[in-house]
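So this one's work-v4.cif, mmCIF, C-alpha atoms:
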data_target
loop_
_atom_site.label_atom_id
_atom_site.label_comp_id
_atom_site.auth_asym_id
_atom_site.auth_seq_id
_atom_site.Cartn_x
_atom_site.Cartn_y
_atom_site.Cartn_z
CA MET A 23 0.00 0.00 0.00
CA ALA A 24 1.28 3.45 -0.92
CA MET A 25 2.36 5.78 1.85
CA GLN A 26 -0.10 8.53 2.70
CA TRP A 27 1.20 12.10 2.68
CA ILE A 28 -0.79 15.12 3.84
CA TRP A 29 0.42 18.64 3.10
CA LEU A 30 -0.78 21.45 5.38
CA SER A 31 -0.40 24.73 3.51
CA GLY A 32 1.02 27.80 5.17
CA PHE A 33 -0.29 31.35 5.25
CA ALA A 34 -2.30 32.41 2.19
CA THR A 35 -1.13 29.35 0.28
CA ASN A 36 -2.78 26.49 -1.59
CA LEU A 37 0.01 23.99 -2.14
CA GLY A 38 -2.35 21.82 -4.15
CA PHE A 39 -2.00 24.30 -7.01
CA TRP A 40 1.55 22.96 -7.51
CA GLU A 41 0.66 19.33 -6.86
CA GLU A 42 2.36 18.03 -10.02
CA ASP A 43 5.66 19.54 -8.92
CA LEU A 44 5.55 18.81 -5.19
CA VAL A 45 4.57 15.14 -5.40
CA GLU A 46 7.97 14.48 -6.96
CA VAL A 47 9.40 14.47 -3.44
CA ASN A 48 7.94 10.94 -3.28
CA SER A 49 6.23 9.96 -6.51
CA ASN A 50 5.18 6.57 -5.17
CA ALA A 51 3.10 7.99 -2.32
CA LYS A 52 -0.50 9.18 -2.28
CA HIS A 53 -0.58 12.92 -1.64
CA THR A 54 -3.40 15.02 -0.19
CA PHE A 55 -3.10 18.81 -0.14
CA VAL A 56 -4.92 20.95 2.41
CA SER A 57 -5.35 24.65 1.63
CA TYR A 58 -4.54 27.37 4.14
CA THR A 59 -8.22 28.28 4.44
CA LYS A 60 -8.97 24.78 5.74
CA VAL A 61 -5.96 24.74 8.08
CA ILE A 62 -6.94 28.03 9.69
CA GLU A 63 -10.57 27.01 10.26
CA ASN A 64 -9.60 25.17 13.43
CA PRO A 65 -5.84 25.31 14.01
CA ASP A 66 -6.22 24.36 17.66
CA ASP A 67 -7.52 20.87 16.79
CA LEU A 68 -6.02 19.82 13.48
CA TYR A 69 -6.40 16.09 14.05
CA SER A 70 -10.16 16.48 14.37
CA SER A 71 -10.67 19.11 11.67
CA ILE A 72 -8.45 17.69 8.88
CA PRO A 73 -9.85 14.42 7.46
CA GLY A 74 -7.28 11.65 7.29
CA LEU A 75 -4.60 13.50 9.23
CA ALA A 76 -4.39 10.88 11.96
CA LYS A 77 -3.90 8.12 9.36
CA ALA A 78 -1.17 9.86 7.36
CA ASP A 79 2.31 8.37 7.30
CA VAL A 80 3.90 11.75 6.61
CA VAL A 81 2.63 15.25 7.38
CA VAL A 82 4.26 18.25 5.72
CA ALA A 83 3.41 21.48 7.55
CA CYS A 84 4.36 24.96 6.39
CA ASP A 85 4.97 28.03 8.57
CA LEU A 86 1.97 28.58 10.89
CA ALA A 87 0.63 25.08 10.17
CA ALA A 88 3.77 23.75 11.84
CA GLN A 89 2.97 25.78 14.96
CA ALA A 90 -0.53 24.31 15.02
CA LEU A 91 0.84 20.80 14.55
CA VAL A 92 3.39 21.18 17.36
CA LEU A 93 0.59 22.26 19.69
CA SER A 94 -1.25 19.06 18.71
CA THR A 95 1.63 16.79 19.70
CA LYS A 96 -0.48 14.81 22.17
CA ALA A 97 -2.73 13.69 19.30
CA ARG A 98 0.17 12.64 17.06
CA PRO A 99 -0.03 8.96 16.11
CA GLN A 100 3.00 6.85 16.93
CA GLY A 101 5.33 6.52 13.95
CA GLN A 102 3.91 9.47 12.01
CA LYS A 103 6.66 11.51 10.35
CA TRP A 104 6.56 15.29 10.40
CA MET A 105 8.28 17.60 7.92
CA PHE A 106 8.27 21.32 8.72
CA LEU A 107 8.91 23.90 6.01
CA ALA A 108 9.92 27.29 7.44
CA PRO A 109 8.11 26.57 10.73
CA MET A 110 6.80 29.51 12.74
CA ILE A 111 7.06 28.36 16.35
CA ASN A 112 6.59 31.05 19.02
CA PHE A 113 6.79 33.53 16.14
CA CYS A 114 5.54 36.47 18.17
CA GLU A 115 7.54 35.74 21.32
CA GLY A 116 10.97 37.21 21.91
CA GLU A 117 13.00 39.37 19.56
CA GLU A 118 13.76 36.89 16.77
CA GLY A 119 10.33 36.87 15.06
CA TRP A 120 7.64 39.55 14.89
CA PRO A 121 6.24 41.61 17.76
CA LYS A 122 2.60 40.75 18.40
CA SER A 123 1.66 44.30 17.41
CA GLN A 124 3.18 43.81 13.95
CA ALA A 125 1.17 40.64 13.34
CA VAL A 126 -2.03 42.38 14.47
CA LEU A 127 -1.37 45.38 12.24
CA MET A 128 -0.69 43.11 9.27
CA ALA A 129 -3.93 41.26 10.00
CA LYS A 130 -5.86 44.53 9.83
CA ALA A 131 -4.08 45.44 6.59
CA MET A 132 -5.20 42.13 5.05
CA VAL A 133 -8.78 43.30 5.43
CA LYS A 134 -8.27 46.96 4.60
CA ASN A 135 -6.00 46.62 1.55
CA THR A 136 -5.63 42.94 0.79
CA LYS A 137 -3.48 43.05 -2.33
CA ALA A 138 -0.98 45.55 -0.94
CA ALA A 139 -0.69 43.60 2.31
CA LEU A 140 -0.16 40.33 0.45
CA GLN A 141 2.48 41.96 -1.74
CA SER A 142 4.31 43.18 1.35
CA TYR A 143 4.17 39.71 2.90
CA MET A 144 5.29 37.99 -0.30
CA GLU A 145 8.35 40.21 -0.56
CA MET A 146 9.45 38.89 2.83
CA MET A 147 9.15 35.30 1.61
CA GLY A 148 12.39 35.68 -0.32
CA PRO A 149 13.37 34.70 -3.86
CA CYS A 150 11.49 32.26 -6.05
CA ASP A 151 10.58 31.83 -9.69
CA GLU A 152 8.44 34.78 -10.77
CA SER A 153 5.71 32.55 -12.18
CA ILE A 154 5.34 30.82 -8.80
CA GLN A 155 5.05 34.18 -7.08
CA GLU A 156 2.38 35.27 -9.56
CA ASP A 157 0.43 32.06 -9.03
CA TRP A 158 0.73 32.43 -5.25
CA MET A 159 -0.69 35.94 -5.41
CA GLU A 160 -3.53 34.84 -7.68
CA GLN A 161 -4.49 32.03 -5.29
CA ALA A 162 -4.12 34.21 -2.18
CA LEU A 163 -6.42 36.90 -3.59
CA LYS A 164 -9.17 34.29 -3.92
CA MET A 165 -9.14 33.70 -0.17
CA PRO A 166 -11.46 35.65 2.15
CA PRO A 167 -9.64 38.61 3.73
CA SER A 168 -11.07 37.55 7.08
CA SER A 169 -9.34 34.18 6.70
CA LEU A 170 -6.05 35.88 5.89
CA ALA A 171 -6.40 38.09 8.95
CA LYS A 172 -7.21 35.10 11.14
CA GLY A 173 -3.88 33.45 10.38
CA LEU A 174 -1.88 36.48 11.46
CA GLU A 175 -4.04 36.88 14.55
CA TYR A 176 -3.38 33.22 15.29
CA LEU A 177 0.37 33.81 15.22
CA ALA A 178 -0.05 36.70 17.65
CA GLN A 179 -2.37 34.85 20.03
CA ALA A 180 -1.36 31.18 19.79
CA THR A 181 -0.29 29.28 22.87
CA VAL A 182 3.49 29.33 23.12
CA LEU A 183 5.98 26.68 24.10
CA GLU A 184 7.27 27.72 27.50
CA GLU A 185 9.98 25.06 27.42
CA PRO A 186 11.70 23.06 24.66
CA ILE A 187 10.03 19.80 23.68
CA HIS A 188 11.46 16.62 22.19
CA LEU A 189 10.12 15.48 18.82
CA GLU A 190 11.15 12.26 17.15
CA ASN A 191 10.92 11.48 13.44
CA THR A 192 10.74 15.17 12.53
CA GLU A 193 12.65 17.11 9.86
CA MET A 194 12.81 20.87 9.43
CA PHE A 195 13.79 22.89 6.38
CA PHE A 196 14.82 26.53 6.43
CA GLY A 197 15.83 28.99 3.71
CA ARG A 198 18.73 31.33 4.34
CA GLU A 199 17.10 34.06 2.23
CA ASP A 200 13.76 33.86 4.05
CA GLN A 201 12.98 37.24 5.62
CA LEU A 202 10.11 35.83 7.70
CA VAL A 203 11.77 32.77 9.20
CA THR A 204 15.20 34.36 9.30
CA PRO A 205 18.36 32.38 10.13
CA THR A 206 18.39 33.94 13.61
CA TYR A 207 14.78 32.98 14.21
CA ALA A 208 15.41 29.51 12.73
CA ASN A 209 18.06 28.94 15.40
CA LYS A 210 15.44 29.75 18.03
CA VAL A 211 13.06 27.20 16.53
CA LYS A 212 15.79 24.55 16.53
CA SER A 213 16.43 25.20 20.22
CA LEU A 214 12.73 24.69 21.00
CA LEU A 215 12.25 21.46 19.04
CA LEU A 216 14.82 19.03 20.36
CA GLY A 217 15.50 15.75 18.62
CA THR A 218 14.63 17.09 15.18
CA THR A 219 16.94 17.21 12.19
CA SER A 220 17.22 20.41 10.16
CA GLN A 221 18.50 21.49 6.79
CA GLU A 222 19.26 25.01 5.62
CA ARG A 223 18.83 25.76 1.93
CA ILE A 224 21.38 28.43 1.12
CA LYS A 225 19.59 29.91 -1.91
CA SER A 226 16.03 29.36 -0.69
CA GLY A 227 13.45 31.62 0.86
CA HIS A 228 10.06 30.67 2.32
CA TRP A 229 8.83 28.64 -0.65
CA ALA A 230 8.13 24.89 -0.53
CA HIS A 231 9.47 24.53 -4.07
CA THR A 232 12.97 25.61 -3.08
CA LEU A 233 13.00 24.22 0.46
CA LEU A 234 12.35 20.64 -0.65
CA PHE A 235 14.21 20.44 -3.96
#
Could I get this structure in the form of structure tokens?
Amino acid sequence: MAMQWIWLSGFATNLGFWEEDLVEVNSNAKHTFVSYTKVIENPDDLYSSIPGLAKADVVVACDLAAQALVLSTKARPQGQKWMFLAPMINFCEGEEGWPKSQAVLMAKAMVKNTKAALQSYMEMMGPCDESIQEDWMEQALKMPPSSLAKGLEYLAQATVLEEPIHLENTEMFFGREDQLVTPTYANKVKSLLLGTTSQERIKSGHWAHTLLF
């Protein structure tokens, strides 16, 4: 039986749009892609809100979806592998990520001037093929502004890890040119998630396409 992969999209992203490219990471597996709008519906209880998540062999979680998954550790099935792409853990705590006020202001901007706010956010995601950036923007603009705002509010308000935790069977991928999950912030994440393995992509930003390949 083919392995089951579930991909949890990050902020304003629908990874399923690039399914043909991303499944090449394991072409023999069965892949299911979950859009950001579904992830953010109930980030506090992903294993109940995402069909099939508990039965997946591998879960790929991007940015804020990784935070939600980490906070669901107690529900993680034994043997399930996690892969985090540019994970945002405790993103609004400390000096390495964003101040809570910045996330709240960006959330308001997503409602007030959606396209301009998305453009500002995308610029912080770092370099990627221009066609991928254009497709990302097109998909993001189809999402309800309230849903976009909710994700940023989630980052500002989410429960934080007070102490490091130990995670087995977990890989993390970071991009050196990512201006959201910066190298300094990535080091903070590594110190919080003990037992994980991590890889830094020197020429990558925040994009799944360059973090995995």
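Atom CA of A:Thr204 is positioned 11.9 Å from atom CA of A:Arg223.
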- prompt: Using all atoms listed in the file, which of the listed residues (A:Met194, A:Leu189, A:Ala138, A:Leu44) sits closest to A:Ser94?
  reply: A:Leu189
- prompt: Mind pulling up the distance from atom CA of A:Tyr176 to atom CA of A:Ala139?
  reply: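 If I compute the distance from atom CA of A:Ala139 to atom CA of A:Tyr176, I get 16.8 Å.
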field: Selection: 10 Å around A:Met23, all atoms listed in the file, excl. self and same-chain fewer than 5 positions, as a VMD selection string
entry: chain A and resid 50 to 52
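For the residues A:Ala78, A:Thr59, A:Leu174, A:Lys212, ranking by smallest atom-to-atom distance to A:Pro99 using all atoms listed in the file places A:Ala78 first.
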- request: For A:Ser71, please output as JSON, numbers by chain all residues within 9 Å (counting only C-alpha atoms; exclusion window: fewer than 6 positions along the same chain).
  value: {"A": [60, 61, 63, 64, 65]}
Written file, previous selection with C-alpha atoms, as a PDB file, keeping the file's coordinate frame:
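After the write, selection.pdb holds the following:
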ATOM      1  CA  LYS A  60      -8.970  24.780   5.740  1.00  0.00           C
ATOM      2  CA  VAL A  61      -5.960  24.740   8.080  1.00  0.00           C
ATOM      3  CA  GLU A  63     -10.570  27.010  10.260  1.00  0.00           C
ATOM      4  CA  ASN A  64      -9.600  25.170  13.430  1.00  0.00           C
ATOM      5  CA  PRO A  65      -5.840  25.310  14.010  1.00  0.00           C
TER       6      PRO A  65
END
field: Distance in Å - atom CA of A:Ala88 versus atom CA of A:Ala24
entry: 24.1 Å
When the PyMOL selection byres ((chain A and resi 54-57) around 12) is applied to the structure above, which residues does it catch, written out as a PDB file with C-alpha atoms, in the frame of the given file?
ATOM      1  CA  MET A  25       2.360   5.780   1.850  1.00  0.00           C
ATOM      2  CA  GLN A  26      -0.100   8.530   2.700  1.00  0.00           C
ATOM      3  CA  TRP A  27       1.200  12.100   2.680  1.00  0.00           C
ATOM      4  CA  ILE A  28      -0.790  15.120   3.840  1.00  0.00           C
ATOM      5  CA  TRP A  29       0.420  18.640   3.100  1.00  0.00           C
ATOM      6  CA  LEU A  30      -0.780  21.450   5.380  1.00  0.00           C
ATOM      7  CA  SER A  31      -0.400  24.730   3.510  1.00  0.00           C
ATOM      8  CA  GLY A  32       1.020  27.800   5.170  1.00  0.00           C
ATOM      9  CA  PHE A  33      -0.290  31.350   5.250  1.00  0.00           C
ATOM     10  CA  ALA A  34      -2.300  32.410   2.190  1.00  0.00           C
ATOM     11  CA  THR A  35      -1.130  29.350   0.280  1.00  0.00           C
ATOM     12  CA  ASN A  36      -2.780  26.490  -1.590  1.00  0.00           C
ATOM     13  CA  LEU A  37       0.010  23.990  -2.140  1.00  0.00           C
ATOM     14  CA  GLY A  38      -2.350  21.820  -4.150  1.00  0.00           C
ATOM     15  CA  PHE A  39      -2.000  24.300  -7.010  1.00  0.00           C
ATOM     16  CA  TRP A  40       1.550  22.960  -7.510  1.00  0.00           C
ATOM     17  CA  GLU A  41       0.660  19.330  -6.860  1.00  0.00           C
ATOM     18  CA  GLU A  42       2.360  18.030 -10.020  1.00  0.00           C
ATOM     19  CA  LEU A  44       5.550  18.810  -5.190  1.00  0.00           C
ATOM     20  CA  VAL A  45       4.570  15.140  -5.400  1.00  0.00           C
ATOM     21  CA  ALA A  51       3.100   7.990  -2.320  1.00  0.00           C
ATOM     22  CA  LYS A  52      -0.500   9.180  -2.280  1.00  0.00           C
ATOM     23  CA  HIS A  53      -0.580  12.920  -1.640  1.00  0.00           C
ATOM     24  CA  TYR A  58      -4.540  27.370   4.140  1.00  0.00           C
ATOM     25  CA  THR A  59      -8.220  28.280   4.440  1.00  0.00           C
ATOM     26  CA  LYS A  60      -8.970  24.780   5.740  1.00  0.00           C
ATOM     27  CA  VAL A  61      -5.960  24.740   8.080  1.00  0.00           C
ATOM     28  CA  ILE A  62      -6.940  28.030   9.690  1.00  0.00           C
ATOM     29  CA  GLU A  63     -10.570  27.010  10.260  1.00  0.00           C
ATOM     30  CA  LEU A  68      -6.020  19.820  13.480  1.00  0.00           C
ATOM     31  CA  SER A  71     -10.670  19.110  11.670  1.00  0.00           C
ATOM     32  CA  ILE A  72      -8.450  17.690   8.880  1.00  0.00           C
ATOM     33  CA  PRO A  73      -9.850  14.420   7.460  1.00  0.00           C
ATOM     34  CA  GLY A  74      -7.280  11.650   7.290  1.00  0.00           C
ATOM     35  CA  LEU A  75      -4.600  13.500   9.230  1.00  0.00           C
ATOM     36  CA  LYS A  77      -3.900   8.120   9.360  1.00  0.00           C
ATOM     37  CA  ALA A  78      -1.170   9.860   7.360  1.00  0.00           C
ATOM     38  CA  ASP A  79       2.310   8.370   7.300  1.00  0.00           C
ATOM     39  CA  VAL A  80       3.900  11.750   6.610  1.00  0.00           C
ATOM     40  CA  VAL A  81       2.630  15.250   7.380  1.00  0.00           C
ATOM     41  CA  VAL A  82       4.260  18.250   5.720  1.00  0.00           C
ATOM     42  CA  ALA A  83       3.410  21.480   7.550  1.00  0.00           C
ATOM     43  CA  CYS A  84       4.360  24.960   6.390  1.00  0.00           C
ATOM     44  CA  ALA A  87       0.630  25.080  10.170  1.00  0.00           C
ATOM     45  CA  GLN A 161      -4.490  32.030  -5.290  1.00  0.00           C
ATOM     46  CA  ALA A 162      -4.120  34.210  -2.180  1.00  0.00           C
ATOM     47  CA  LYS A 164      -9.170  34.290  -3.920  1.00  0.00           C
ATOM     48  CA  MET A 165      -9.140  33.700  -0.170  1.00  0.00           C
ATOM     49  CA  SER A 169      -9.340  34.180   6.700  1.00  0.00           C
TER      50      SER A 169
END
